[in-house]
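Visitor: Pasting a structure below so you can have a look.
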Amino acid sequence: MADKQKKMVESITSMDEDFAKWYTDICKKAELIEYTSVKGCMVIRPYGYAIWENIQRILDSMFKELGHENVCMPMFIPESLLQKEKDHVEGFAPECAWVTMGGDEKLEERLCVRPTSETLFCEHFKNVVHSYRDLPKLYNQWVSVVRWEKTTRPFLRSREFLWQEGHTLHATAQEAVEETERMLNVYADFCRDYLAMPVIKGQKTDSDKFAGAERTYCIEALMHDGKALQAATSHYFGDGFARAFEIQFSDRENKLCYPHQTSWGATTRLIGAVIMTHGDDNGLVLPPAVAPVQVMVVPVAQHKAGVLDRAHELTAELKKICRAKIDDSDNSPGWKFAEYEMKGVPVRVEIGPKDIEMNQCVVVTRHNREKCVVPLDKISEIIPQKLSEVHAGIYQKALENMQRRTYCCKSTDEIIKVLNENGDGFVKAMWCGSEECEDKVKEITGVGSRCIPFDEEEISEKCVCCGKPARHMLYWGKAY
């Protein structure tokens, strides 16, 4: 047991010592990112990008199963186009980056570098939607966007980041609301089934909804340190954008109508969520579904006759059922063990001369470092089981962390007391619905509203702040 708990990667700061430094250490030492001369921007290195490619591949398949098609809009938005929806432009104005020169000539109209693409999609929809037969339009794009953040951190908040943004247009409000909720469920299912990450599904308060939206839904995850992270959002716009951009269609009675619109998105911030939900003091712990390498084969005493050949044969066999690699470098086995612990490879397979003699190998799971001896003729059967064990194990650990760090409170004094005694986490408390109370709770306790959960409980009948009759239960928390 002592050996299982031994810290293998000494160069990573302990998360209990300094969680922010621990996070940065992992991003750097696991070769996920590198900093650049462009302030607030990062290089996503091959290992980090491979995680994003797996996220993208899975989500893209889920979207297409529901009928969505991929498109690509321009990177630049003319200022006059952005100005068409008042609430939208006001919401994004502080984060916009502007292009004012083209070559050595000043532009007649400055161009915004895309912070999001609602206005571009609206312009396009106006040109291509004329009849109810043209609806629904179910579009998505995989692009980068720019938001001029003041404080940045790899994956969690950067000035340029990668994401997908879905934009759909529907004939009726009901269809659009159903789409908004369906896509939120897609994100929640993805987080549970592929990232092994439990989330809370809910609706944002009016003060926290997306600029220009009638309703914003979100999924909220709890990180290892007790801080909340918004993992994805889905927005219902009503017909507000359609009216601003004069998008109309003829319905079945040949009457002109305004369509209803949605948008929804997830970003490379999901990689940060994976790091902070599952990582430990030895580095990354990757969910098998998105791990670039699911199984790493490490030959032991590889200088001895036959070891490398058998290890390569084993790797070729494993490649038929999973993403497997072999490290046949001249680094020591101990170095390799530590390296792939740090990189979060879900399963390690060790094979040496004695193993070959006995027709076996040693299989080690990353999340708990448990070892077992497996007959080589059973390896194709055992490895999928071990990958499933890793997923189930890290999901259960994350769920227990969320449950342990979720507190029910009936007053702001109780919130302060509970957080002082137990540390950060989700707080469930009642709310009267006023923005004044929402702001005051954050001012007094330090925790802000995260969402109104779909599955509300009645903690009490009174607002946690003012004592007036409560309208909703809110999840509150400190957030990334």
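In the structure tokens, the first chain shown is A, the next is B, and so on; residue numbers restart at 1 for each chain, and ligands run from 1 in the order shown.
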Just want the 7 Å neighbourhood of Glu85 (chain A), counted on only C-alpha atoms, with same-chain residues fewer than 4 positions away dropped. Output as number ranges by chain.
Guide: A: 89, 241, 244
Visitor: Any chance you could tabulate, as JSON lines, the residues of region 235-290 of chain A at most 10 Å from region 53-70 of chain A with each one's nearest atom pair and distance in Å to one decimal, using only C-alpha atoms, in chain and rising number order?
Guide:
```
{"residue": "A:Ala266", "atom": "CA", "partner": "A:Leu59", "partner_atom": "CA", "distance": 9.5}
{"residue": "A:Thr267", "atom": "CA", "partner": "A:Gln56", "partner_atom": "CA", "distance": 9.6}
{"residue": "A:Thr268", "atom": "CA", "partner": "A:Ile55", "partner_atom": "CA", "distance": 9.0}
{"residue": "A:Leu270", "atom": "CA", "partner": "A:Ile55", "partner_atom": "CA", "distance": 8.6}
{"residue": "A:Ile271", "atom": "CA", "partner": "A:Ile55", "partner_atom": "CA", "distance": 8.9}
{"residue": "A:Ala289", "atom": "CA", "partner": "A:Asn54", "partner_atom": "CA", "distance": 7.6}
{"residue": "A:Val290", "atom": "CA", "partner": "A:Asn54", "partner_atom": "CA", "distance": 5.1}
```
Visitor: Using only C-alpha atoms, determine which residues lie at most 8 Å from region 354-363 of chain A, disregarding the query and same-chain residues fewer than 3 positions distant; provide the list as a VMD selection string.
Guide: chain A and resid 307 310 347 to 351 371 to 377
Visitor: Tell me, in Å to one decimal, how far CA of Cys465 (chain A) is from CA of Thr412 (chain A).
Guide: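 Interatomic distance, CA of Cys465 (chain A) to CA of Thr412 (chain A): 6.2 Å.
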Visitor: To test your reading of the structure, identify every residue in region 53-277 of chain A that backbone DSSP assigns to strand (DSSP E or B), and report it as JSON, numbers by chain.
Guide: {"A": [69, 70, 76, 77, 78, 97, 98, 99, 100, 101, 102, 105, 106, 107, 108, 109, 110, 111, 112, 113, 131, 137, 138, 139, 140, 141, 142, 143, 144, 145, 146, 153, 157, 160, 161, 162, 163, 164, 165, 166, 167, 168, 169, 170, 200, 201, 202, 203, 215, 216, 217, 218, 219, 220, 221, 222, 228, 229, 230, 231, 232, 233, 234, 235, 236, 237, 238, 249, 250, 256, 257, 260, 261, 262, 263, 264, 265, 266, 267]}
